[in-house]
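Some notes on the structure that comes next.
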2 protein chains.
Amino acid sequence: MCELLGMSANVPTDIRFSFAGLARRGGETGPHADGWGITFYEGRGQRSFHEPEPSARSELAKLLRNAAIKSRIVIAHVRKANRGRVSLENTHPFTRELWGRHWTFAHNGQLRGVKKLPLGAFAPVGTTDSEYAFCWMLGRLQARFRRLPPAATLDRAIAALCAELHGLGVFNMLLSDSRTLYAHCGKRLCYLTRKAPFGTATLIDEDWHVDFAQETTEQDVVTVIATKALTRDENWIDLERGDILTLRDGATHLIRMRASAC
Amino acid sequence: MCELLGMSANVPTDIRFSFAGLARRGGETGPHADGWGITFYEGRGQRSFHEPEPSARSELAKLLRNAAIKSRIVIAHVRKANRGRVSLENTHPFTRELWGRHWTFAHNGQLRGVKKLPLGAFAPVGTTDSEYAFCWMLGRLQARFRRLPPAATLDRAIAALCAELHGLGVFNMLLSDSRTLYAHCGKRLCYLTRKAPFGTATLIDEDWHVDFAQETTEQDVVTVIATKALTRDENWIDLERGDILTLRDGATHLIRMRASAC
């Protein structure tokens, strides 16, 4: 399995604190030592960093801990390979362009028979179920909408595609089009929103304590979503199986697909 | 304008020596301080690093100088912006997926009226002429070939698209599909092939001297292509305007489109 980390904020925010916790799970406090990656959106642009090696021992991950890249949407992943060998092309997050936007996708879980789904114009480069599922989703969106639809329409379309994949196995997923961060809970995902009045937090995976009141303004809203809670002293909210959370500017909206999925 | 650097090799090779020279031209020995990027192919996978800041003063560029990432195809770029503001989405190289392969593109020059060319399914995220031209090329290839054609067929198709863009202005370009590195000379590009018996080389832009005989085996073949020579003591070969050089496993093949283009 793998672990996911996502962030949505209404102001450019650095994710070093949360990423530090996740990165240690990549081979030190967790077994996810088969690669790691992180994508930062900055406006319409994005930059991604990938290594098919453990994040806990990575010089690049260390540099990212020290360089305060500020972003409003982040997707990160540490990998424990099940399908697809350990290699750069199988390292999440995956990215593609659709409608002049960069799309980014990371997944944790397994999807039985996903490779029987017919693809459109997007094709996987590597051999993971995850990248295949991502390509299938984008192909379906491209076939249905000639250009970027209104946000609410897109939200519903993505929710429906997630529900289809949810039927194939475990589909914990983060996806973004640079405007919205979509999260689907197949089995395990939790989140929390930090806003005024800000408190303090301590990482579970290392001795790092932050007083967010010192780092933020009163208007800041930041939501962090992860496979497992990253801090020991905050109230993380568990999603239910089948839940889709859309995150825009740090604000969350829950789509509960159907009771039977829980 | 900008400067380009590409490499093709028959064994995974680190490009730190050449990249060190290029990176200094990004704001120190050259004026290309508006961003830099580099893409390393590793098999079918690729990783890219981008910053909309000067490479000469970049911590990330310094890390890449010290981390020996080994690759058989590399494309790098330092930017002096003319069209398109200084931002992450306008920072080369650009990447897209087509036929299950990662394509990478970097450009130096200006193309009059390129944005009047009709696009297919690939759309630019940023506002540069360069990314637009890249999307146009991939759209044309996708429309013509349902799947990856044989190398010789693809070479001819890419050469024809380059010739069209060459007619719009200055089109110095590097492009790769992870198998071949394509170079088009619009105005200025030069290259050299290093193979046995290996000699020594000294960078123009900093005091770094390498004895390649110590770093290689007799079978290694490495071709480096750049806007301007990077070393002071090797014989760089100038391409002519309109020339296309295809590079596979370090070996070069020149396509001279037509005498009138020279």
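Ligands are numbered from 1 in the order shown, chains are lettered A, B, ... in the order of the structure tokens, and residues start at 1 in each chain.
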Residues of chain B within 10 Å of chain A, using only C-alpha atoms, as a PyMOL selection string? chain B and resi 41-51+59-60+63-64+67+87-91+95-102+121-126+135+142+146
Within 9 Å of Ala226 of chain B using only C-alpha atoms, minus same-chain residues under 4 positions, as a list in words: Glu3, Leu4, Leu5, Gly6, Met7, Leu22, Arg188, Leu189, Cys190, Tyr191 and Leu230 of chain B
Between atom CA of Thr128 of chain B and atom CA of Gly27 of chain B - distance in Å to one decimal: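 Those two atoms sit 20.6 Å apart.
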Could you write out, as a PyMOL selection string, all the residues of segment 59-230 of chain B that DSSP marks as helix (DSSP H, G or I)? chain B and resi 59-66+88-90+114-116+129-144+151-166+212-214
Nearest to Gly167 of chain A, chosen from A:Ile244, A:Leu148, A:Val221, A:Leu111, with only C-alpha atoms counted in the distances: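 Nearest to Gly167 of chain A: A:Leu111.
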For a test of reading the model, state the distance in Å between atom CA of Ser8 of chain A and atom CA of Ser130 of chain A, rounded to one decimal.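 Atom-to-atom, atom CA of Ser8 of chain A and atom CA of Ser130 of chain A are spaced 22.1 Å apart.
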Find the spatial neighbours of His166 of chain A, counting only C-alpha atoms, within a cut-off of 10 Å - ignore same-chain residues fewer than 3 positions away - and output them as an MDAnalysis selection string. chainID A and resid 110:111 160:163 169:172 184:187 241:242 261
For Glu215 of chain A, please output as a ChimeraX atom specification all residues within 12 Å (counting only C-alpha atoms; exclusion window: fewer than 6 positions along the same chain). /A:13-15,17,194-196,198-200,222
What does the distance from atom CA of Thr39 of chain B to atom CA of Pro149 of chain B come to in Å, to one decimal? 23.6 Å
Pick from A:Asp238, A:Arg232, A:Ala143, A:Asp220, whichever lies nearest to Leu203 of chain A using only C-alpha atoms: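 With only C-alpha atoms as the atom set, the closest residue is A:Arg232.
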Any idea what's packed within 6 Å of segment 174-177 of chain B, counting only C-alpha atoms, ignoring anything in its chain fewer than 5 positions away? Could you give it as a list of chain:residue names? B:His102, B:Trp103, B:Thr104, B:Phe105, B:Ala106, B:Tyr182, B:Ala183
